[in-house]
$ cat my_file00.cif   # mmCIF, C-alpha atoms and all ligand atoms
data_query
#
loop_
_atom_site.label_atom_id
_atom_site.label_comp_id
_atom_site.auth_asym_id
_atom_site.auth_seq_id
_atom_site.Cartn_x
_atom_site.Cartn_y
_atom_site.Cartn_z
CA MET A 1 -5.16 -1.46 -23.51
CA THR A 2 -5.41 -1.93 -19.75
CA ALA A 3 -6.93 0.98 -17.85
CA LEU A 4 -4.60 2.91 -15.62
CA ALA A 5 -5.10 3.09 -11.87
CA TYR A 6 -2.67 6.00 -11.66
CA ARG A 7 -0.63 8.28 -13.85
CA THR A 8 1.84 10.70 -12.29
CA LYS A 9 3.49 13.50 -14.25
CA GLY A 10 6.42 15.50 -12.92
CA LEU A 11 5.51 14.61 -9.35
CA THR A 12 7.78 16.51 -6.99
CA LYS A 13 7.98 16.66 -3.23
CA VAL A 14 10.18 19.01 -1.25
CA TYR A 15 10.12 18.86 2.55
CA GLY A 16 11.16 22.08 4.31
CA GLU A 17 12.76 25.01 2.55
CA GLY A 18 15.97 26.90 2.00
CA ARG A 19 19.17 25.15 2.96
CA SER A 20 17.34 22.48 4.94
CA ALA A 21 15.06 21.52 2.01
CA VAL A 22 14.88 17.78 1.24
CA HIS A 23 14.00 16.87 -2.35
CA ALA A 24 12.19 13.59 -1.73
CA LEU A 25 10.64 13.25 -5.23
CA ARG A 26 12.30 14.80 -8.25
CA GLY A 27 9.76 14.72 -11.08
CA VAL A 28 8.26 11.22 -11.09
CA ASP A 29 6.43 10.09 -14.26
CA LEU A 30 4.73 6.78 -13.57
CA ASP A 31 1.88 4.69 -15.01
CA ILE A 32 0.29 2.03 -12.82
CA PRO A 33 -2.18 -0.21 -14.66
CA GLN A 34 -5.33 -1.20 -12.81
CA GLY A 35 -5.44 -4.67 -11.31
CA GLU A 36 -1.68 -5.26 -11.13
CA ILE A 37 0.58 -6.18 -8.24
CA VAL A 38 3.30 -3.55 -8.27
CA VAL A 39 6.44 -3.75 -6.12
CA LEU A 40 8.40 -0.58 -5.40
CA LEU A 41 12.06 -1.18 -4.51
CA GLY A 42 14.77 1.27 -3.53
CA PRO A 43 17.28 2.20 -0.84
CA SER A 44 16.28 3.79 2.43
CA GLY A 45 15.46 7.47 1.97
CA SER A 46 14.91 7.18 -1.80
CA GLY A 47 11.33 8.48 -1.57
CA LYS A 48 9.22 5.30 -1.71
CA SER A 49 7.01 6.10 1.28
CA THR A 50 6.67 9.69 0.12
CA LEU A 51 5.35 8.49 -3.24
CA LEU A 52 2.99 6.01 -1.57
CA ASN A 53 1.65 8.67 0.80
CA ILE A 54 0.95 11.12 -2.02
CA ILE A 55 -0.79 8.72 -4.37
CA GLY A 56 -2.65 7.30 -1.36
CA GLY A 57 -3.96 10.79 -0.56
CA LEU A 58 -2.28 11.01 2.86
CA ASP A 59 -0.05 13.89 1.75
CA ARG A 60 0.22 16.29 -1.17
CA GLY A 61 3.00 16.78 -3.69
CA SER A 62 4.78 20.12 -4.05
CA ALA A 63 4.28 20.12 -7.84
CA GLY A 64 3.12 17.84 -10.63
CA GLU A 65 0.07 15.68 -11.20
CA VAL A 66 -1.34 12.47 -9.76
CA VAL A 67 -4.27 11.30 -11.85
CA PHE A 68 -6.58 8.62 -10.46
CA GLN A 69 -9.51 7.65 -12.72
CA ASP A 70 -9.38 11.02 -14.53
CA GLN A 71 -9.21 13.03 -11.32
CA ASN A 72 -6.08 14.98 -10.40
CA LEU A 73 -5.52 14.47 -6.66
CA ALA A 74 -3.45 17.66 -6.62
CA GLU A 75 -6.59 19.67 -7.47
CA MET A 76 -8.85 18.05 -4.88
CA SER A 77 -10.02 19.90 -1.78
CA ASP A 78 -9.15 18.35 1.58
CA ARG A 79 -12.74 17.04 1.77
CA GLN A 80 -12.50 15.41 -1.68
CA LEU A 81 -9.17 13.86 -0.73
CA THR A 82 -10.74 12.42 2.44
CA LEU A 83 -13.55 10.87 0.39
CA TYR A 84 -11.03 9.50 -2.12
CA ARG A 85 -9.15 7.78 0.72
CA ARG A 86 -12.31 6.56 2.39
CA ASN A 87 -13.90 5.14 -0.76
CA HIS A 88 -10.96 3.86 -2.76
CA VAL A 89 -7.83 3.30 -0.72
CA GLY A 90 -6.75 0.65 1.76
CA PHE A 91 -3.49 0.95 3.72
CA VAL A 92 -1.35 -1.73 5.33
CA PHE A 93 1.74 -0.69 7.30
CA GLN A 94 4.69 -2.57 8.78
CA PHE A 95 3.33 -2.18 12.31
CA TYR A 96 -0.26 -3.19 12.21
CA ASN A 97 -1.80 -0.18 14.01
CA LEU A 98 -4.64 -2.19 15.49
CA MET A 99 -6.66 -0.87 18.43
CA PRO A 100 -5.52 -3.09 21.35
CA SER A 101 -8.80 -2.78 23.24
CA LEU A 102 -10.90 -3.99 20.30
CA THR A 103 -11.31 -7.53 18.96
CA ALA A 104 -10.33 -8.47 15.41
CA ARG A 105 -13.96 -8.05 14.29
CA GLU A 106 -14.29 -4.67 16.05
CA ASN A 107 -11.06 -3.44 14.48
CA VAL A 108 -12.50 -4.23 11.04
CA GLU A 109 -15.85 -2.65 11.98
CA LEU A 110 -14.09 0.67 12.54
CA VAL A 111 -13.78 0.84 8.77
CA THR A 112 -16.94 -0.92 7.63
CA GLU A 113 -19.12 1.44 9.65
CA ILE A 114 -18.07 4.40 7.50
CA ALA A 115 -17.55 2.70 4.12
CA ARG A 116 -20.00 2.98 1.18
CA ASP A 117 -20.35 -0.67 0.21
CA PRO A 118 -18.38 -2.67 2.76
CA MET A 119 -17.97 -6.42 3.14
CA GLU A 120 -19.20 -8.00 6.34
CA PRO A 121 -16.33 -7.83 8.85
CA ASP A 122 -16.45 -11.61 9.31
CA ALA A 123 -16.25 -12.14 5.54
CA ALA A 124 -13.16 -9.90 5.35
CA LEU A 125 -11.57 -11.84 8.22
CA ALA A 126 -12.47 -15.14 6.52
CA LEU A 127 -10.77 -13.89 3.34
CA VAL A 128 -7.49 -13.54 5.26
CA GLY A 129 -7.94 -16.93 6.95
CA LEU A 130 -9.02 -15.69 10.38
CA ARG A 131 -12.56 -17.02 10.54
CA GLU A 132 -11.76 -18.68 13.89
CA ARG A 133 -10.13 -15.60 15.40
CA VAL A 134 -12.76 -12.88 15.04
CA ASP A 135 -13.31 -12.47 18.79
CA HIS A 136 -9.63 -12.40 19.70
CA PHE A 137 -7.85 -9.25 20.82
CA PRO A 138 -4.59 -8.19 19.09
CA ALA A 139 -2.51 -9.34 22.09
CA GLN A 140 -3.94 -12.85 21.63
CA LEU A 141 -2.78 -13.01 18.00
CA SER A 142 0.64 -13.66 16.43
CA GLY A 143 2.38 -10.95 14.40
CA GLY A 144 1.27 -12.50 11.12
CA GLU A 145 -2.31 -12.85 12.35
CA GLN A 146 -2.32 -9.22 13.47
CA GLN A 147 -1.08 -8.19 10.03
CA ARG A 148 -3.87 -10.25 8.48
CA VAL A 149 -6.41 -8.38 10.65
CA ALA A 150 -4.87 -5.15 9.34
CA ILE A 151 -5.27 -6.43 5.77
CA ALA A 152 -8.89 -7.48 6.47
CA ARG A 153 -9.53 -3.98 7.80
CA ALA A 154 -7.99 -2.45 4.68
CA VAL A 155 -9.87 -4.67 2.21
CA ALA A 156 -13.28 -4.69 3.95
CA LYS A 157 -14.20 -1.44 2.21
CA ARG A 158 -13.50 -3.16 -1.17
CA PRO A 159 -10.75 -0.68 -2.06
CA THR A 160 -9.79 0.05 -5.63
CA VAL A 161 -6.15 0.11 -4.51
CA LEU A 162 -4.28 -1.35 -1.58
CA PHE A 163 -1.07 0.36 -0.48
CA CYS A 164 1.29 -1.74 1.59
CA ASP A 165 4.38 -0.15 3.17
CA GLU A 166 6.81 -2.90 4.27
CA PRO A 167 3.91 -5.28 5.04
CA THR A 168 6.23 -8.17 5.92
CA GLY A 169 9.00 -6.07 7.50
CA ALA A 170 8.30 -7.38 11.00
CA LEU A 171 7.59 -11.00 10.04
CA ASP A 172 9.56 -14.23 9.69
CA SER A 173 9.63 -16.01 6.34
CA LYS A 174 6.74 -18.41 6.95
CA THR A 175 4.41 -15.74 8.28
CA GLY A 176 5.61 -13.23 5.71
CA ARG A 177 4.80 -15.64 2.88
CA ALA A 178 1.32 -16.20 4.32
CA VAL A 179 0.75 -12.44 4.34
CA LEU A 180 1.97 -12.11 0.73
CA ASN A 181 -0.43 -14.90 -0.23
CA VAL A 182 -3.28 -12.91 1.29
CA LEU A 183 -2.24 -9.86 -0.75
CA LYS A 184 -2.16 -12.02 -3.89
CA ASP A 185 -5.68 -13.29 -3.05
CA VAL A 186 -6.96 -9.77 -2.56
CA ASN A 187 -5.57 -8.84 -5.95
CA GLU A 188 -7.08 -11.90 -7.66
CA LYS A 189 -10.43 -12.16 -5.85
CA LEU A 190 -11.30 -8.48 -5.38
CA GLY A 191 -9.42 -7.13 -8.41
CA ALA A 192 -7.69 -4.49 -6.30
CA THR A 193 -4.48 -2.94 -7.58
CA VAL A 194 -1.83 -3.75 -4.95
CA LEU A 195 1.23 -1.56 -4.47
CA ILE A 196 3.88 -2.97 -2.15
CA VAL A 197 6.87 -0.99 -0.90
CA THR A 198 9.62 -3.28 0.36
CA HIS A 199 13.34 -3.61 1.04
CA ALA A 200 13.11 -7.29 0.19
CA ALA A 201 14.21 -7.40 -3.46
CA SER A 202 13.22 -11.06 -3.80
CA GLN A 203 9.53 -10.12 -3.39
CA ALA A 204 9.74 -8.43 -6.80
CA ALA A 205 9.38 -11.90 -8.33
CA MET A 206 5.67 -12.06 -7.37
CA ALA A 207 4.86 -8.69 -8.98
CA ASP A 208 3.45 -7.89 -12.40
CA ARG A 209 5.58 -4.74 -12.44
CA VAL A 210 8.67 -3.73 -10.47
CA ILE A 211 9.62 -0.09 -10.02
CA HIS A 212 13.22 0.60 -9.03
CA PHE A 213 13.52 3.87 -7.21
CA ALA A 214 16.67 5.82 -6.29
CA ASP A 215 17.24 9.35 -5.05
CA GLY A 216 13.64 10.50 -5.59
CA ALA A 217 13.35 9.23 -9.14
CA ILE A 218 12.47 6.09 -11.10
CA ARG A 219 15.57 4.29 -12.35
CA GLU A 220 13.90 1.37 -14.06
CA VAL A 221 10.52 -0.29 -14.53
CA VAL A 222 10.55 -4.05 -15.13
CA VAL A 223 7.47 -5.93 -16.32
CA ASN A 224 7.58 -9.58 -15.23
CA THR A 225 6.54 -11.99 -17.93
CA SER A 226 6.35 -14.85 -15.45
CA LYS A 227 5.65 -14.49 -11.76
CA LEU A 228 6.58 -16.64 -8.77
CA THR A 229 4.17 -17.53 -5.99
CA PRO A 230 5.00 -16.33 -2.46
CA GLU A 231 6.06 -19.93 -1.64
CA GLU A 232 8.57 -19.92 -4.47
CA ILE A 233 10.41 -16.69 -3.67
CA ASP A 234 13.63 -16.59 -1.66
CA TRP A 235 13.44 -14.91 1.72
N1 LIG B 301 8.01 14.69 6.99
C1 LIG B 301 9.24 14.83 6.52
N2 LIG B 301 9.94 15.96 6.73
C2 LIG B 301 11.19 16.12 6.22
N3 LIG B 301 11.83 15.19 5.48
C3 LIG B 301 11.18 14.04 5.24
C4 LIG B 301 9.87 13.80 5.75
N4 LIG B 301 9.48 12.55 5.35
C5 LIG B 301 10.51 12.06 4.64
N5 LIG B 301 11.54 12.95 4.57
C6 LIG B 301 12.80 12.77 3.83
O1 LIG B 301 12.49 12.52 2.47
C7 LIG B 301 13.36 11.53 1.92
C8 LIG B 301 12.53 10.35 1.39
O2 LIG B 301 11.96 9.68 2.51
P1 LIG B 301 10.99 8.40 2.36
O3 LIG B 301 10.51 8.06 3.71
O4 LIG B 301 10.00 8.67 1.30
O5 LIG B 301 12.04 7.31 1.83
P2 LIG B 301 11.87 5.73 1.75
O6 LIG B 301 12.45 5.34 0.43
O7 LIG B 301 10.46 5.35 2.02
O8 LIG B 301 12.82 5.25 2.93
P3 LIG B 301 12.69 3.94 3.87
O9 LIG B 301 12.92 2.77 2.97
O10 LIG B 301 13.83 4.13 4.85
O11 LIG B 301 11.35 3.97 4.52
C9 LIG B 301 14.32 11.17 3.04
O12 LIG B 301 15.49 11.93 2.88
C10 LIG B 301 13.58 11.56 4.30
O13 LIG B 301 14.49 11.91 5.33
#
$ encode --input "my_file00.cif" --output "structure tokens"
Amino acid sequence: MTALAYRTKGLTKVYGEGRSAVHALRGVDLDIPQGEIVVLLGPSGSGKSTLLNIIGGLDRGSAGEVVFQDQNLAEMSDRQLTLYRRNHVGFVFQFYNLMPSLTARENVELVTEIARDPMEPDAALALVGLRERVDHFPAQLSGGEQQRVAIARAVAKRPTVLFCDEPTGALDSKTGRAVLNVLKDVNEKLGATVLIVTHAASQAAMADRVIHFADGAIREVVVNTSKLTPEEIDW
């Protein structure tokens, strides 16, 4: 049996309290096998980012368990959660969050300087096809190139898991496909589990597993027996 990257049990998240309480997650039970590409689909406000933030260690649930390699994130101290994020987790967001005053290489170095066993920044940038752009500043790069710098920054620490929240949300089809190809490469070459949150239902075709989310709960999990490449999916 494949090892699990994550197992959640009864994961619940309530923002606020009393009459203004928002029940963002309503008891989520989810298994994510290690090494898969997982796509999380669901309408706006259904709780996808909340789930991503909790299993990525950026936030805590209100109740329930999130087990990562036999450790329950819910029981970790803030310090342990920081180390979990630093050593195991890479994040990629819709808007690339690069430092505008730093070059591509320097943006990646921000992470490699504090990681345990990092790649060379130039090797991470070569992995995403930006070998020739290492000395460029974000303003000198296209949107897709900036997103690839953000992916290089996230993968340079050799993360166990890569969380991507709408990674192609700001990109046209050609650039978006190039970014999805990079995520596929990261999954295949580094063995990282890749979790992608997206509104683009067609991207589910490149996943090993598709989780359909609605109203804070899982509606359906589909395991793809055959996958499409990013070039083959509709945009
Ligand atoms: N910090 C917060 N405080 C209060 N409510 C929040 C907070 N963050 C999210 N919510 C609410 O929790 C619910 C789930 O939000 P979440 O961002 O997880 O949904 P989503 O599926 O990622 O949506 P989208 O696709 O629009 O990004 C929503 O009703 C949202 O308004």
$ closest_residue --input "my_file00.cif" --among "A:Ala63, A:Ala104, A:Ile55, A:Ile211" --to "Val14 in chain A" --atoms "only C-alpha atoms"
A:Ala63
$ residues_near_ligand --input "my_file00.cif" --ligand "ligand LIG 301 (chain B)" --cutoff "12 Å" --atoms "all atoms listed in the file" --output "PyMOL selection string"
chain A and resi 12-17+20-26+40-54+58-61+93-94+164-167+169+196-200+212-218
$ closest_atom_pairs --input "my_file00.cif" --of "range 174-223 of chain A" --to "range 149-163 of chain A" --cutoff "10 Å" --atoms "all atoms listed in the file" --output "tab-separated table"
residue	atom	partner	partner_atom	distance
A:Val179	CA	A:Ile151	CA	8.6
A:Val182	CA	A:Ile151	CA	8.1
A:Leu183	CA	A:Ile151	CA	8.0
A:Val186	CA	A:Val155	CA	7.6
A:Asn187	CA	A:Leu162	CA	8.8
A:Leu190	CA	A:Arg158	CA	7.1
A:Gly191	CA	A:Thr160	CA	7.7
A:Ala192	CA	A:Thr160	CA	5.0
A:Thr193	CA	A:Val161	CA	4.6
A:Val194	CA	A:Leu162	CA	4.8
A:Leu195	CA	A:Phe163	CA	5.0
A:Ile196	CA	A:Phe163	CA	6.2
A:Val197	CA	A:Phe163	CA	8.1
$ residues_around --input "my_file00.cif" --residues "range 68-71 of chain A" --least-positions-apart "4" --cutoff "12 Å" --atoms "only C-alpha atoms" --output "NGL selection string"
:A and (3-9 or 30-34 or 54-57 or 75-77 or 80-81 or 84-85 or 88-89 or 160-161)
$ atom_distance --input "my_file00.cif" --atom1 "CA of Ala139 in chain A" --atom2 "CA of Pro100 in chain A"
7.0 Å
$ closest_residue --input "my_file00.cif" --among "A:Asp208, A:Trp235, A:Thr2, A:Leu98" --to "Val222 in chain A" --atoms "only C-alpha atoms"
A:Asp208
$ closest_residue --input "my_file00.cif" --among "A:Val221, A:Ile233, A:Leu141, A:Ala170" --to "Asp29 in chain A" --atoms "only C-alpha atoms"
A:Val221
$ residues_around --input "my_file00.cif" --residues "Leu127 in chain A" --least-positions-apart "2" --cutoff "9 Å" --atoms "only C-alpha atoms" --output "PyMOL selection string"
chain A and resi 122-125+129-131+152+182+185-186
$ closest_residue --input "my_file00.cif" --among "A:Gln147, A:Asp78, A:Glu109, A:Met119" --to "Phe95 in chain A" --atoms "all atoms listed in the file"
A:Gln147
$ atom_distance --input "my_file00.cif" --atom1 "CA of Ala205 in chain A" --atom2 "CA of Gly176 in chain A"
14.6 Å
$ atom_distance --input "my_file00.cif" --atom1 "CA of Lys184 in chain A" --atom2 "CA of Glu145 in chain A"
16.3 Å
$ closest_residue --input "my_file00.cif" --among "A:Ile37, A:Glu188, A:Asp172, A:Gly144" --to "Asn224 in chain A" --atoms "only C-alpha atoms"
A:Ile37
$ closest_residue --input "my_file00.cif" --among "A:Leu171, A:Leu11, A:Leu83, A:Leu102" --to "Arg116 in chain A" --atoms "only C-alpha atoms"
A:Leu83
$ residues_around --input "my_file00.cif" --residues "Met206 in chain A" --least-positions-apart "4" --cutoff "9 Å" --atoms "all atoms listed in the file" --output "PyMOL selection string"
chain A and resi 37-39+180+184+202+224+226-230+232-233
$ write_last_selection --input "my_file00.cif" --atoms "C-alpha atoms" --output "short mmCIF file (atom, residue, chain, number, x, y, z; two decimals), in the coordinates of the input"
data_model
loop_
_atom_site.label_atom_id
_atom_site.label_comp_id
_atom_site.auth_asym_id
_atom_site.auth_seq_id
_atom_site.Cartn_x
_atom_site.Cartn_y
_atom_site.Cartn_z
CA ILE A 37 0.58 -6.18 -8.24
CA VAL A 38 3.30 -3.55 -8.27
CA VAL A 39 6.44 -3.75 -6.12
CA LEU A 180 1.97 -12.11 0.73
CA LYS A 184 -2.16 -12.02 -3.89
CA SER A 202 13.22 -11.06 -3.80
CA ASN A 224 7.58 -9.58 -15.23
CA SER A 226 6.35 -14.85 -15.45
CA LYS A 227 5.65 -14.49 -11.76
CA LEU A 228 6.58 -16.64 -8.77
CA THR A 229 4.17 -17.53 -5.99
CA PRO A 230 5.00 -16.33 -2.46
CA GLU A 232 8.57 -19.92 -4.47
CA ILE A 233 10.41 -16.69 -3.67
#
